[in-house]
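Novice: I'm passing along target_12.txt; it holds compact mmCIF, N, CA and C atoms.
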# COMPACT_ATOMS: atom_id res chain seq x y z
N MET L 1 21.82 -44.24 -37.09
CA MET L 1 23.00 -44.31 -36.25
C MET L 1 23.34 -42.90 -35.75
N HIS L 2 23.78 -42.81 -34.52
CA HIS L 2 24.15 -41.54 -33.91
C HIS L 2 25.63 -41.52 -33.53
N VAL L 3 26.18 -40.32 -33.44
CA VAL L 3 27.53 -40.16 -32.93
C VAL L 3 27.55 -40.70 -31.50
N THR L 4 28.60 -41.43 -31.16
CA THR L 4 28.70 -41.99 -29.81
C THR L 4 29.14 -40.92 -28.82
N MET L 5 28.91 -41.20 -27.55
CA MET L 5 29.35 -40.27 -26.51
C MET L 5 30.86 -40.14 -26.53
N ASP L 6 31.56 -41.25 -26.72
CA ASP L 6 33.03 -41.19 -26.78
C ASP L 6 33.50 -40.32 -27.95
N ASN L 7 32.85 -40.47 -29.11
CA ASN L 7 33.23 -39.64 -30.26
C ASN L 7 32.87 -38.18 -30.05
N ALA L 8 31.73 -37.92 -29.43
CA ALA L 8 31.34 -36.54 -29.15
C ALA L 8 32.37 -35.88 -28.22
N ARG L 9 32.79 -36.61 -27.20
CA ARG L 9 33.80 -36.07 -26.28
C ARG L 9 35.14 -35.86 -26.99
N ALA L 10 35.51 -36.80 -27.84
CA ALA L 10 36.78 -36.66 -28.58
C ALA L 10 36.73 -35.45 -29.50
N ALA L 11 35.60 -35.24 -30.15
CA ALA L 11 35.44 -34.07 -31.03
C ALA L 11 35.54 -32.77 -30.23
N ILE L 12 34.88 -32.73 -29.10
CA ILE L 12 34.94 -31.54 -28.23
C ILE L 12 36.38 -31.29 -27.79
N ASP L 13 37.06 -32.33 -27.35
CA ASP L 13 38.45 -32.17 -26.87
C ASP L 13 39.38 -31.66 -27.97
N ALA L 14 39.26 -32.23 -29.17
CA ALA L 14 40.11 -31.80 -30.29
C ALA L 14 39.79 -30.38 -30.70
N ALA L 15 38.51 -30.04 -30.72
CA ALA L 15 38.11 -28.68 -31.08
C ALA L 15 38.62 -27.68 -30.03
N ARG L 16 38.48 -28.03 -28.77
CA ARG L 16 38.95 -27.15 -27.71
C ARG L 16 40.46 -26.94 -27.81
N LYS L 17 41.20 -28.00 -28.09
CA LYS L 17 42.66 -27.89 -28.25
C LYS L 17 43.00 -26.91 -29.37
N LYS L 18 42.28 -26.98 -30.49
CA LYS L 18 42.52 -26.06 -31.61
C LYS L 18 42.18 -24.63 -31.20
N ALA L 19 41.10 -24.44 -30.46
CA ALA L 19 40.74 -23.10 -30.00
C ALA L 19 41.85 -22.51 -29.13
N VAL L 20 42.43 -23.33 -28.26
CA VAL L 20 43.53 -22.88 -27.41
C VAL L 20 44.72 -22.47 -28.28
N GLU L 21 45.03 -23.29 -29.31
CA GLU L 21 46.12 -22.96 -30.24
C GLU L 21 45.87 -21.62 -30.92
N LEU L 22 44.61 -21.32 -31.22
CA LEU L 22 44.26 -20.06 -31.89
C LEU L 22 44.10 -18.91 -30.90
N ASN L 23 44.29 -19.21 -29.61
CA ASN L 23 44.19 -18.20 -28.56
C ASN L 23 42.81 -17.54 -28.55
N THR L 24 41.78 -18.38 -28.59
CA THR L 24 40.41 -17.87 -28.57
C THR L 24 39.55 -18.74 -27.65
N GLN L 25 38.44 -18.21 -27.22
CA GLN L 25 37.52 -18.93 -26.35
C GLN L 25 36.26 -19.25 -27.16
N MET L 26 35.84 -20.49 -27.12
CA MET L 26 34.75 -20.96 -27.97
C MET L 26 33.66 -21.67 -27.17
N CYS L 27 32.50 -21.69 -27.76
CA CYS L 27 31.44 -22.61 -27.38
C CYS L 27 31.43 -23.69 -28.45
N ILE L 28 31.39 -24.94 -28.03
CA ILE L 28 31.49 -26.07 -28.96
C ILE L 28 30.36 -27.04 -28.64
N ALA L 29 29.56 -27.36 -29.66
CA ALA L 29 28.42 -28.26 -29.48
C ALA L 29 28.50 -29.41 -30.46
N VAL L 30 28.13 -30.59 -30.00
CA VAL L 30 27.99 -31.76 -30.87
C VAL L 30 26.56 -32.25 -30.72
N VAL L 31 25.90 -32.45 -31.87
CA VAL L 31 24.55 -33.02 -31.88
C VAL L 31 24.58 -34.37 -32.56
N ASP L 32 23.58 -35.21 -32.24
CA ASP L 32 23.48 -36.50 -32.91
C ASP L 32 22.74 -36.33 -34.23
N SER L 33 22.49 -37.42 -34.92
CA SER L 33 21.88 -37.34 -36.25
C SER L 33 20.43 -36.87 -36.21
N GLY L 34 19.83 -36.82 -35.05
CA GLY L 34 18.49 -36.27 -34.89
C GLY L 34 18.51 -34.83 -34.44
N ALA L 35 19.68 -34.21 -34.41
CA ALA L 35 19.89 -32.81 -34.01
C ALA L 35 19.69 -32.59 -32.51
N ASN L 36 19.82 -33.64 -31.73
CA ASN L 36 19.73 -33.54 -30.28
C ASN L 36 21.12 -33.31 -29.70
N LEU L 37 21.22 -32.38 -28.77
CA LEU L 37 22.50 -32.05 -28.17
C LEU L 37 23.10 -33.28 -27.48
N LYS L 38 24.32 -33.62 -27.85
CA LYS L 38 25.02 -34.79 -27.30
C LYS L 38 26.11 -34.37 -26.33
N ALA L 39 26.84 -33.29 -26.68
CA ALA L 39 27.92 -32.80 -25.82
C ALA L 39 28.10 -31.31 -26.08
N PHE L 40 28.54 -30.61 -25.04
CA PHE L 40 28.71 -29.16 -25.17
C PHE L 40 29.76 -28.70 -24.18
N VAL L 41 30.54 -27.69 -24.58
CA VAL L 41 31.45 -27.02 -23.66
C VAL L 41 31.48 -25.53 -23.99
N ARG L 42 31.46 -24.74 -22.94
CA ARG L 42 31.70 -23.30 -23.08
C ARG L 42 33.02 -23.03 -22.38
N MET L 43 34.03 -22.70 -23.17
CA MET L 43 35.35 -22.42 -22.60
C MET L 43 35.26 -21.18 -21.71
N ASP L 44 36.17 -21.09 -20.75
CA ASP L 44 36.20 -19.92 -19.87
C ASP L 44 36.25 -18.65 -20.70
N ASP L 45 35.41 -17.70 -20.36
CA ASP L 45 35.33 -16.38 -20.99
C ASP L 45 34.75 -16.38 -22.40
N ALA L 46 34.25 -17.51 -22.88
CA ALA L 46 33.57 -17.52 -24.18
C ALA L 46 32.27 -16.73 -24.04
N TRP L 47 31.88 -16.08 -25.12
CA TRP L 47 30.66 -15.26 -25.09
C TRP L 47 29.43 -16.10 -24.79
N VAL L 48 28.58 -15.58 -23.93
CA VAL L 48 27.32 -16.26 -23.61
C VAL L 48 26.45 -16.38 -24.87
N GLY L 49 26.46 -15.35 -25.71
CA GLY L 49 25.67 -15.39 -26.93
C GLY L 49 26.09 -16.48 -27.90
N SER L 50 27.31 -16.96 -27.74
CA SER L 50 27.81 -18.02 -28.63
C SER L 50 27.26 -19.39 -28.28
N ILE L 51 26.67 -19.55 -27.11
CA ILE L 51 26.07 -20.84 -26.73
C ILE L 51 25.02 -21.23 -27.75
N ASP L 52 24.04 -20.37 -27.95
CA ASP L 52 22.94 -20.64 -28.88
C ASP L 52 23.45 -20.78 -30.31
N ILE L 53 24.40 -19.95 -30.68
CA ILE L 53 24.91 -19.99 -32.06
C ILE L 53 25.63 -21.31 -32.33
N ALA L 54 26.45 -21.78 -31.41
CA ALA L 54 27.16 -23.05 -31.60
C ALA L 54 26.18 -24.21 -31.75
N ILE L 55 25.18 -24.25 -30.90
CA ILE L 55 24.18 -25.32 -30.97
C ILE L 55 23.42 -25.24 -32.29
N LYS L 56 23.02 -24.04 -32.69
CA LYS L 56 22.26 -23.90 -33.94
C LYS L 56 23.12 -24.19 -35.17
N LYS L 57 24.42 -23.90 -35.11
CA LYS L 57 25.29 -24.26 -36.23
C LYS L 57 25.34 -25.78 -36.38
N ALA L 58 25.48 -26.49 -35.26
CA ALA L 58 25.50 -27.96 -35.32
C ALA L 58 24.17 -28.48 -35.85
N MET L 59 23.07 -27.95 -35.37
CA MET L 59 21.75 -28.40 -35.82
C MET L 59 21.56 -28.12 -37.31
N THR L 60 21.97 -26.95 -37.76
CA THR L 60 21.83 -26.59 -39.18
C THR L 60 22.64 -27.55 -40.04
N ALA L 61 23.86 -27.86 -39.63
CA ALA L 61 24.72 -28.77 -40.41
C ALA L 61 24.11 -30.16 -40.51
N VAL L 62 23.50 -30.64 -39.43
CA VAL L 62 22.91 -31.98 -39.48
C VAL L 62 21.58 -31.98 -40.23
N TYR L 63 20.80 -30.91 -40.10
CA TYR L 63 19.51 -30.83 -40.81
C TYR L 63 19.70 -30.96 -42.32
N PHE L 64 20.75 -30.33 -42.84
CA PHE L 64 20.93 -30.26 -44.29
C PHE L 64 22.14 -31.04 -44.80
N GLY L 65 22.88 -31.66 -43.90
CA GLY L 65 24.00 -32.51 -44.31
C GLY L 65 25.07 -31.77 -45.07
N MET L 66 25.30 -30.54 -44.69
CA MET L 66 26.37 -29.77 -45.34
C MET L 66 26.90 -28.71 -44.39
N PRO L 67 28.09 -28.21 -44.65
CA PRO L 67 28.65 -27.15 -43.81
C PRO L 67 27.76 -25.92 -43.81
N THR L 68 27.66 -25.27 -42.68
CA THR L 68 26.81 -24.09 -42.58
C THR L 68 27.26 -22.98 -43.53
N GLY L 69 28.55 -22.88 -43.79
CA GLY L 69 29.04 -21.87 -44.73
C GLY L 69 28.52 -22.09 -46.14
N GLU L 70 28.33 -23.34 -46.53
CA GLU L 70 27.77 -23.65 -47.86
C GLU L 70 26.30 -23.24 -47.92
N ILE L 71 25.57 -23.48 -46.84
CA ILE L 71 24.18 -23.06 -46.80
C ILE L 71 24.11 -21.54 -46.88
N GLY L 72 25.07 -20.88 -46.25
CA GLY L 72 25.13 -19.42 -46.31
C GLY L 72 25.28 -18.91 -47.73
N LYS L 73 26.10 -19.56 -48.52
CA LYS L 73 26.26 -19.15 -49.93
C LYS L 73 24.96 -19.31 -50.69
N LEU L 74 24.25 -20.40 -50.42
CA LEU L 74 22.99 -20.68 -51.13
C LEU L 74 21.83 -19.80 -50.65
N SER L 75 22.01 -19.18 -49.48
CA SER L 75 20.90 -18.41 -48.90
C SER L 75 21.03 -16.90 -49.10
N GLN L 76 21.96 -16.48 -49.93
CA GLN L 76 22.10 -15.05 -50.21
C GLN L 76 20.95 -14.57 -51.10
N PRO L 77 20.60 -13.28 -51.03
CA PRO L 77 19.51 -12.76 -51.87
C PRO L 77 19.68 -13.16 -53.33
N GLY L 78 18.62 -13.67 -53.90
CA GLY L 78 18.62 -14.10 -55.29
C GLY L 78 19.00 -15.55 -55.48
N ASN L 79 19.50 -16.21 -54.44
CA ASN L 79 19.88 -17.62 -54.55
C ASN L 79 18.73 -18.53 -54.10
N SER L 80 18.89 -19.82 -54.39
CA SER L 80 17.79 -20.77 -54.23
C SER L 80 17.31 -20.97 -52.80
N LEU L 81 18.14 -20.74 -51.79
CA LEU L 81 17.72 -20.95 -50.41
C LEU L 81 17.53 -19.65 -49.64
N TYR L 82 17.35 -18.55 -50.36
CA TYR L 82 17.18 -17.26 -49.70
C TYR L 82 16.05 -17.33 -48.66
N GLY L 83 16.35 -16.92 -47.43
CA GLY L 83 15.37 -16.90 -46.36
C GLY L 83 15.33 -18.17 -45.51
N ILE L 84 16.11 -19.17 -45.86
CA ILE L 84 16.06 -20.46 -45.14
C ILE L 84 16.39 -20.32 -43.66
N GLU L 85 17.17 -19.31 -43.30
CA GLU L 85 17.57 -19.15 -41.91
C GLU L 85 16.39 -18.90 -40.97
N HIS L 86 15.23 -18.58 -41.54
CA HIS L 86 14.04 -18.34 -40.74
C HIS L 86 13.27 -19.63 -40.46
N SER L 87 13.67 -20.73 -41.08
CA SER L 87 12.99 -22.01 -40.88
C SER L 87 13.53 -22.72 -39.64
N ASN L 88 12.87 -23.77 -39.24
CA ASN L 88 13.36 -24.64 -38.16
C ASN L 88 13.67 -23.89 -36.87
N GLU L 89 12.89 -22.89 -36.56
CA GLU L 89 13.08 -22.07 -35.36
C GLU L 89 14.43 -21.36 -35.34
N GLY L 90 14.97 -21.09 -36.53
CA GLY L 90 16.20 -20.33 -36.67
C GLY L 90 17.40 -21.19 -36.98
N LEU L 91 18.02 -20.89 -38.10
CA LEU L 91 19.24 -21.58 -38.52
C LEU L 91 20.40 -20.59 -38.51
N ILE L 92 21.60 -21.11 -38.49
CA ILE L 92 22.80 -20.27 -38.63
C ILE L 92 23.45 -20.66 -39.95
N THR L 93 23.64 -19.66 -40.81
CA THR L 93 24.11 -19.95 -42.17
C THR L 93 25.47 -19.31 -42.48
N PHE L 94 26.32 -19.23 -41.46
CA PHE L 94 27.70 -18.81 -41.72
C PHE L 94 28.63 -19.88 -41.14
N PRO L 95 29.90 -19.90 -41.55
CA PRO L 95 30.80 -21.01 -41.20
C PRO L 95 30.94 -21.27 -39.71
N GLY L 96 31.22 -22.57 -39.42
CA GLY L 96 31.43 -23.01 -38.05
C GLY L 96 30.61 -24.23 -37.70
N GLY L 97 29.77 -24.70 -38.61
CA GLY L 97 29.01 -25.93 -38.40
C GLY L 97 29.35 -26.94 -39.47
N LEU L 98 29.67 -28.17 -39.05
CA LEU L 98 30.06 -29.22 -40.00
C LEU L 98 29.36 -30.53 -39.66
N PRO L 99 28.91 -31.26 -40.69
CA PRO L 99 28.38 -32.60 -40.43
C PRO L 99 29.49 -33.52 -39.95
N ILE L 100 29.11 -34.56 -39.22
CA ILE L 100 30.04 -35.63 -38.86
C ILE L 100 29.55 -36.88 -39.58
N VAL L 101 30.39 -37.40 -40.45
CA VAL L 101 30.06 -38.56 -41.27
C VAL L 101 31.01 -39.69 -40.90
N ASP L 102 30.45 -40.88 -40.65
CA ASP L 102 31.31 -42.00 -40.25
C ASP L 102 31.99 -42.66 -41.45
N GLU L 103 32.77 -43.70 -41.17
CA GLU L 103 33.56 -44.36 -42.23
C GLU L 103 32.69 -45.04 -43.28
N ASP L 104 31.41 -45.26 -42.99
CA ASP L 104 30.50 -45.86 -43.96
C ASP L 104 29.75 -44.81 -44.79
N GLY L 105 30.07 -43.53 -44.57
CA GLY L 105 29.40 -42.46 -45.29
C GLY L 105 28.05 -42.09 -44.71
N VAL L 106 27.80 -42.45 -43.46
CA VAL L 106 26.53 -42.18 -42.80
C VAL L 106 26.65 -40.93 -41.93
N LEU L 107 25.68 -40.04 -42.06
CA LEU L 107 25.63 -38.84 -41.23
C LEU L 107 25.25 -39.26 -39.81
N VAL L 108 26.15 -39.07 -38.85
CA VAL L 108 25.90 -39.49 -37.48
C VAL L 108 25.73 -38.32 -36.52
N GLY L 109 25.97 -37.11 -36.99
CA GLY L 109 25.83 -35.94 -36.13
C GLY L 109 26.47 -34.73 -36.78
N ALA L 110 26.75 -33.73 -35.96
CA ALA L 110 27.38 -32.51 -36.45
C ALA L 110 28.02 -31.78 -35.28
N ILE L 111 28.95 -30.90 -35.62
CA ILE L 111 29.61 -30.05 -34.63
C ILE L 111 29.35 -28.60 -35.01
N GLY L 112 29.14 -27.77 -34.00
CA GLY L 112 28.98 -26.34 -34.21
C GLY L 112 29.88 -25.59 -33.26
N VAL L 113 30.52 -24.55 -33.77
CA VAL L 113 31.49 -23.78 -32.98
C VAL L 113 31.21 -22.29 -33.17
N SER L 114 31.26 -21.56 -32.07
CA SER L 114 31.07 -20.11 -32.14
C SER L 114 31.91 -19.44 -31.07
N GLY L 115 32.40 -18.25 -31.40
CA GLY L 115 33.14 -17.49 -30.40
C GLY L 115 34.26 -16.63 -30.95
N SER L 116 34.46 -16.67 -32.26
CA SER L 116 35.57 -15.93 -32.85
C SER L 116 35.16 -15.55 -34.27
N ALA L 117 36.14 -15.16 -35.07
CA ALA L 117 35.88 -14.93 -36.49
C ALA L 117 35.43 -16.25 -37.10
N VAL L 118 34.58 -16.19 -38.12
CA VAL L 118 34.04 -17.42 -38.70
C VAL L 118 35.14 -18.32 -39.25
N GLU L 119 36.25 -17.76 -39.68
CA GLU L 119 37.37 -18.58 -40.15
C GLU L 119 37.91 -19.44 -39.01
N ASN L 120 38.02 -18.85 -37.82
CA ASN L 120 38.46 -19.61 -36.65
C ASN L 120 37.41 -20.62 -36.23
N ASP L 121 36.14 -20.21 -36.26
CA ASP L 121 35.06 -21.14 -35.92
C ASP L 121 35.13 -22.38 -36.82
N HIS L 122 35.31 -22.16 -38.11
CA HIS L 122 35.38 -23.27 -39.07
C HIS L 122 36.61 -24.15 -38.79
N ALA L 123 37.76 -23.54 -38.54
CA ALA L 123 38.98 -24.31 -38.27
C ALA L 123 38.83 -25.16 -37.01
N VAL L 124 38.20 -24.62 -36.00
CA VAL L 124 38.00 -25.36 -34.75
C VAL L 124 37.01 -26.51 -34.98
N ALA L 125 35.96 -26.26 -35.75
CA ALA L 125 35.01 -27.33 -36.08
C ALA L 125 35.69 -28.43 -36.88
N GLU L 126 36.52 -28.06 -37.85
CA GLU L 126 37.26 -29.05 -38.64
C GLU L 126 38.14 -29.93 -37.75
N ALA L 127 38.80 -29.32 -36.79
CA ALA L 127 39.66 -30.08 -35.88
C ALA L 127 38.84 -31.10 -35.09
N GLY L 128 37.63 -30.72 -34.70
CA GLY L 128 36.77 -31.64 -33.97
C GLY L 128 36.30 -32.80 -34.82
N VAL L 129 35.91 -32.52 -36.06
CA VAL L 129 35.43 -33.58 -36.95
C VAL L 129 36.55 -34.54 -37.31
N LYS L 130 37.73 -34.01 -37.54
CA LYS L 130 38.87 -34.79 -38.03
C LYS L 130 39.18 -36.01 -37.17
N VAL L 131 38.95 -35.95 -35.87
CA VAL L 131 39.30 -37.06 -34.99
C VAL L 131 38.22 -38.15 -34.93
N VAL L 132 37.04 -37.87 -35.50
CA VAL L 132 35.94 -38.85 -35.40
C VAL L 132 35.34 -39.25 -36.74
N GLY L 133 35.74 -38.61 -37.82
CA GLY L 133 35.17 -38.93 -39.13
C GLY L 133 35.55 -37.89 -40.15
N VAL L 134 34.64 -37.65 -41.07
CA VAL L 134 34.82 -36.63 -42.09
C VAL L 134 33.58 -35.75 -42.10
N SER L 135 33.61 -34.69 -42.90
CA SER L 135 32.45 -33.80 -42.94
C SER L 135 31.73 -33.83 -44.29
N ASP L 136 32.20 -34.67 -45.21
CA ASP L 136 31.56 -34.74 -46.53
C ASP L 136 30.68 -35.98 -46.64
N LEU L 137 29.45 -35.76 -47.05
CA LEU L 137 28.54 -36.86 -47.33
C LEU L 137 28.76 -37.36 -48.74
N PRO L 138 28.41 -38.61 -49.01
CA PRO L 138 28.46 -39.08 -50.40
C PRO L 138 27.57 -38.19 -51.27
N ALA L 139 27.80 -38.21 -52.56
CA ALA L 139 27.06 -37.34 -53.49
C ALA L 139 25.56 -37.54 -53.38
N HIS L 140 24.84 -36.44 -53.42
CA HIS L 140 23.38 -36.43 -53.47
C HIS L 140 22.97 -35.95 -54.86
N PRO L 141 21.82 -36.38 -55.34
CA PRO L 141 21.39 -35.94 -56.68
C PRO L 141 21.19 -34.43 -56.77
N TRP L 142 20.85 -33.76 -55.68
CA TRP L 142 20.60 -32.32 -55.70
C TRP L 142 21.85 -31.49 -55.55
N ARG L 143 22.95 -32.11 -55.24
CA ARG L 143 24.20 -31.34 -55.11
C ARG L 143 24.81 -31.10 -56.47
N THR L 144 25.38 -29.92 -56.63
CA THR L 144 26.04 -29.60 -57.89
C THR L 144 27.53 -29.51 -57.71
Mind converting the file's structure to structure tokens?

Specialist:
Amino acid sequence: MHVTMDNARAAIDAARKKAVELNTQMCIAVVDSGANLKAFVRMDDAWVGSIDIAIKKAMTAVYFGMPTGEIGKLSQPGNSLYGIEHSNEGLITFPGGLPIVDEDGVLVGAIGVSGSAVENDHAVAEAGVKVVGVSDLPAHPWRT
């Protein structure tokens, strides 16, 4: 199952509204469960470099079914996923990417946001997910 076009648009709209509240300009991407770009917006004056980062944050979140910030913690030197950011033609392992999980607990896509401090990126991504689902998957055996 994939995130619907209506849900992707709703997530983009809610995320954009939060970015405006934070007085920042963002790039916001939604991908489906296959990591294919479903919807994207680059707000006026958002950094061009944030286009790729937003898309890769969304892809990273859907590839691993977890927030990009969590992958970042696991990928620090000495940790179990050290170096993972070099896989899959480049991942982004800092906050701003969140899975989108439907009411049945199914991963249907992800949102990625870039353009500000990672705390703002994460808050804007959360606002986008909140209107279409949640960002937590049911427990996996490998999660601690």

Novice: Report as an mmCIF file with N, CA and C atoms, in the frame of the given file all protein, DNA and RNA residues lying within 6 Å of Val41 (chain L), evaluated on all atoms listed in the file, omitting residues in the same chain fewer than 5 positions from it.

Specialist:
data_model
loop_
_atom_site.group_PDB
_atom_site.id
_atom_site.type_symbol
_atom_site.label_atom_id
_atom_site.label_comp_id
_atom_site.auth_asym_id
_atom_site.auth_seq_id
_atom_site.Cartn_x
_atom_site.Cartn_y
_atom_site.Cartn_z
ATOM 1 N N MET L 26 35.840 -20.490 -27.120
ATOM 2 C CA MET L 26 34.750 -20.960 -27.970
ATOM 3 C C MET L 26 33.660 -21.670 -27.170
ATOM 4 N N CYS L 27 32.500 -21.690 -27.760
ATOM 5 C CA CYS L 27 31.440 -22.610 -27.380
ATOM 6 C C CYS L 27 31.430 -23.690 -28.450
ATOM 7 N N ILE L 28 31.390 -24.940 -28.030
ATOM 8 C CA ILE L 28 31.490 -26.070 -28.960
ATOM 9 C C ILE L 28 30.360 -27.040 -28.640
ATOM 10 N N ALA L 29 29.560 -27.360 -29.660
ATOM 11 C CA ALA L 29 28.420 -28.260 -29.480
ATOM 12 C C ALA L 29 28.500 -29.410 -30.460
#

Novice: Which residues of region 40-138 of chain L come within 7 Å of region 11-19 of chain L, and what is each one's closest atom pair and distance in Å (one decimal), counting only N, CA and C atoms, sorted by chain and residue number, as CSV?

Specialist:
residue,atom,partner,partner_atom,distance
L:Val41,N,L:Ile12,CA,6.9
L:Ala123,C,L:Lys18,CA,6.6
L:Val124,C,L:Ala15,CA,4.6
L:Ala125,N,L:Ala15,CA,5.7
L:Glu126,C,L:Ala15,CA,6.8
L:Ala127,C,L:Ala15,N,4.5
L:Gly128,CA,L:Ala15,N,4.0
L:Val129,N,L:Ala11,CA,5.3
L:Lys130,N,L:Ala11,CA,6.9
L:Val131,C,L:Ala11,N,6.2
L:Val132,N,L:Ala11,CA,6.1

Novice: Write to file, as a PDB file, in the frame of the given file, the residues of the selection just made, with N, CA and C atoms.

Specialist:
ATOM      1  N   VAL L  41      30.540 -27.690 -24.580  1.00  0.00           N
ATOM      2  CA  VAL L  41      31.450 -27.020 -23.660  1.00  0.00           C
ATOM      3  C   VAL L  41      31.480 -25.530 -23.990  1.00  0.00           C
ATOM      4  N   ALA L 123      37.760 -23.540 -38.540  1.00  0.00           N
ATOM      5  CA  ALA L 123      38.980 -24.310 -38.270  1.00  0.00           C
ATOM      6  C   ALA L 123      38.830 -25.160 -37.010  1.00  0.00           C
ATOM      7  N   VAL L 124      38.200 -24.620 -36.000  1.00  0.00           N
ATOM      8  CA  VAL L 124      38.000 -25.360 -34.750  1.00  0.00           C
ATOM      9  C   VAL L 124      37.010 -26.510 -34.980  1.00  0.00           C
ATOM     10  N   ALA L 125      35.960 -26.260 -35.750  1.00  0.00           N
ATOM     11  CA  ALA L 125      35.010 -27.330 -36.080  1.00  0.00           C
ATOM     12  C   ALA L 125      35.690 -28.430 -36.880  1.00  0.00           C
ATOM     13  N   GLU L 126      36.520 -28.060 -37.850  1.00  0.00           N
ATOM     14  CA  GLU L 126      37.260 -29.050 -38.640  1.00  0.00           C
ATOM     15  C   GLU L 126      38.140 -29.930 -37.750  1.00  0.00           C
ATOM     16  N   ALA L 127      38.800 -29.320 -36.790  1.00  0.00           N
ATOM     17  CA  ALA L 127      39.660 -30.080 -35.880  1.00  0.00           C
ATOM     18  C   ALA L 127      38.840 -31.100 -35.090  1.00  0.00           C
ATOM     19  N   GLY L 128      37.630 -30.720 -34.700  1.00  0.00           N
ATOM     20  CA  GLY L 128      36.770 -31.640 -33.970  1.00  0.00           C
ATOM     21  C   GLY L 128      36.300 -32.800 -34.820  1.00  0.00           C
ATOM     22  N   VAL L 129      35.910 -32.520 -36.060  1.00  0.00           N
ATOM     23  CA  VAL L 129      35.430 -33.580 -36.950  1.00  0.00           C
ATOM     24  C   VAL L 129      36.550 -34.540 -37.310  1.00  0.00           C
ATOM     25  N   LYS L 130      37.730 -34.010 -37.540  1.00  0.00           N
ATOM     26  CA  LYS L 130      38.870 -34.790 -38.030  1.00  0.00           C
ATOM     27  C   LYS L 130      39.180 -36.010 -37.170  1.00  0.00           C
ATOM     28  N   VAL L 131      38.950 -35.950 -35.870  1.00  0.00           N
ATOM     29  CA  VAL L 131      39.300 -37.060 -34.990  1.00  0.00           C
ATOM     30  C   VAL L 131      38.220 -38.150 -34.930  1.00  0.00           C
ATOM     31  N   VAL L 132      37.040 -37.870 -35.500  1.00  0.00           N
ATOM     32  CA  VAL L 132      35.940 -38.850 -35.400  1.00  0.00           C
ATOM     33  C   VAL L 132      35.340 -39.250 -36.740  1.00  0.00           C
TER      34      VAL L 132
END

Novice: Please provide the set of residues having any atom within 8 Å of Gly109 (chain L), restricted to only N, CA and C atoms, with same-chain residues fewer than 5 positions apart removed, written as a list of chain:residue names.

Specialist: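 Near neighbours after the sequence-gap exclusion: L:Met1, L:His2, L:Val3, L:Thr4, L:Val30, L:Val31, L:Asp32, L:Ser33, L:Gly34, L:Ala35, L:Asn36, L:Ala58, L:Met59, L:Ala61, L:Val62, L:Tyr63, L:Leu98, L:Pro99, L:Ile100, L:Val101, L:Asp102.
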
Novice: Please identify which residues in region 35-136 of chain L DSSP calls strand (DSSP E or B) from the backbone, and express them as an MDAnalysis selection string.

Specialist: chainID L and resid 37:42 97:101 107:114 134

Novice: Go ahead and write the selection's residues with N, CA and C atoms as a short mmCIF file (atom, residue, chain, number, x, y, z; two decimals), keeping the file's coordinate frame.

Specialist:
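result_35.cif was written with the following content:
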data_model
loop_
_atom_site.label_atom_id
_atom_site.label_comp_id
_atom_site.auth_asym_id
_atom_site.auth_seq_id
_atom_site.Cartn_x
_atom_site.Cartn_y
_atom_site.Cartn_z
N LEU L 37 21.22 -32.38 -28.77
CA LEU L 37 22.50 -32.05 -28.17
C LEU L 37 23.10 -33.28 -27.48
N LYS L 38 24.32 -33.62 -27.85
CA LYS L 38 25.02 -34.79 -27.30
C LYS L 38 26.11 -34.37 -26.33
N ALA L 39 26.84 -33.29 -26.68
CA ALA L 39 27.92 -32.80 -25.82
C ALA L 39 28.10 -31.31 -26.08
N PHE L 40 28.54 -30.61 -25.04
CA PHE L 40 28.71 -29.16 -25.17
C PHE L 40 29.76 -28.70 -24.18
N VAL L 41 30.54 -27.69 -24.58
CA VAL L 41 31.45 -27.02 -23.66
C VAL L 41 31.48 -25.53 -23.99
N ARG L 42 31.46 -24.74 -22.94
CA ARG L 42 31.70 -23.30 -23.08
C ARG L 42 33.02 -23.03 -22.38
N GLY L 97 29.77 -24.70 -38.61
CA GLY L 97 29.01 -25.93 -38.40
C GLY L 97 29.35 -26.94 -39.47
N LEU L 98 29.67 -28.17 -39.05
CA LEU L 98 30.06 -29.22 -40.00
C LEU L 98 29.36 -30.53 -39.66
N PRO L 99 28.91 -31.26 -40.69
CA PRO L 99 28.38 -32.60 -40.43
C PRO L 99 29.49 -33.52 -39.95
N ILE L 100 29.11 -34.56 -39.22
CA ILE L 100 30.04 -35.63 -38.86
C ILE L 100 29.55 -36.88 -39.58
N VAL L 101 30.39 -37.40 -40.45
CA VAL L 101 30.06 -38.56 -41.27
C VAL L 101 31.01 -39.69 -40.90
N LEU L 107 25.68 -40.04 -42.06
CA LEU L 107 25.63 -38.84 -41.23
C LEU L 107 25.25 -39.26 -39.81
N VAL L 108 26.15 -39.07 -38.85
CA VAL L 108 25.90 -39.49 -37.48
C VAL L 108 25.73 -38.32 -36.52
N GLY L 109 25.97 -37.11 -36.99
CA GLY L 109 25.83 -35.94 -36.13
C GLY L 109 26.47 -34.73 -36.78
N ALA L 110 26.75 -33.73 -35.96
CA ALA L 110 27.38 -32.51 -36.45
C ALA L 110 28.02 -31.78 -35.28
N ILE L 111 28.95 -30.90 -35.62
CA ILE L 111 29.61 -30.05 -34.63
C ILE L 111 29.35 -28.60 -35.01
N GLY L 112 29.14 -27.77 -34.00
CA GLY L 112 28.98 -26.34 -34.21
C GLY L 112 29.88 -25.59 -33.26
N VAL L 113 30.52 -24.55 -33.77
CA VAL L 113 31.49 -23.78 -32.98
C VAL L 113 31.21 -22.29 -33.17
N SER L 114 31.26 -21.56 -32.07
CA SER L 114 31.07 -20.11 -32.14
C SER L 114 31.91 -19.44 -31.07
N VAL L 134 34.64 -37.65 -41.07
CA VAL L 134 34.82 -36.63 -42.09
C VAL L 134 33.58 -35.75 -42.10
#

Novice: One decimal, Å: what's the distance from atom C of Ile111 (chain L) over to CA of Gly78 (chain L), could you say?

Specialist: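 Calculated distance between atom C of Ile111 (chain L) and CA of Gly78 (chain L) is 27.1 Å.
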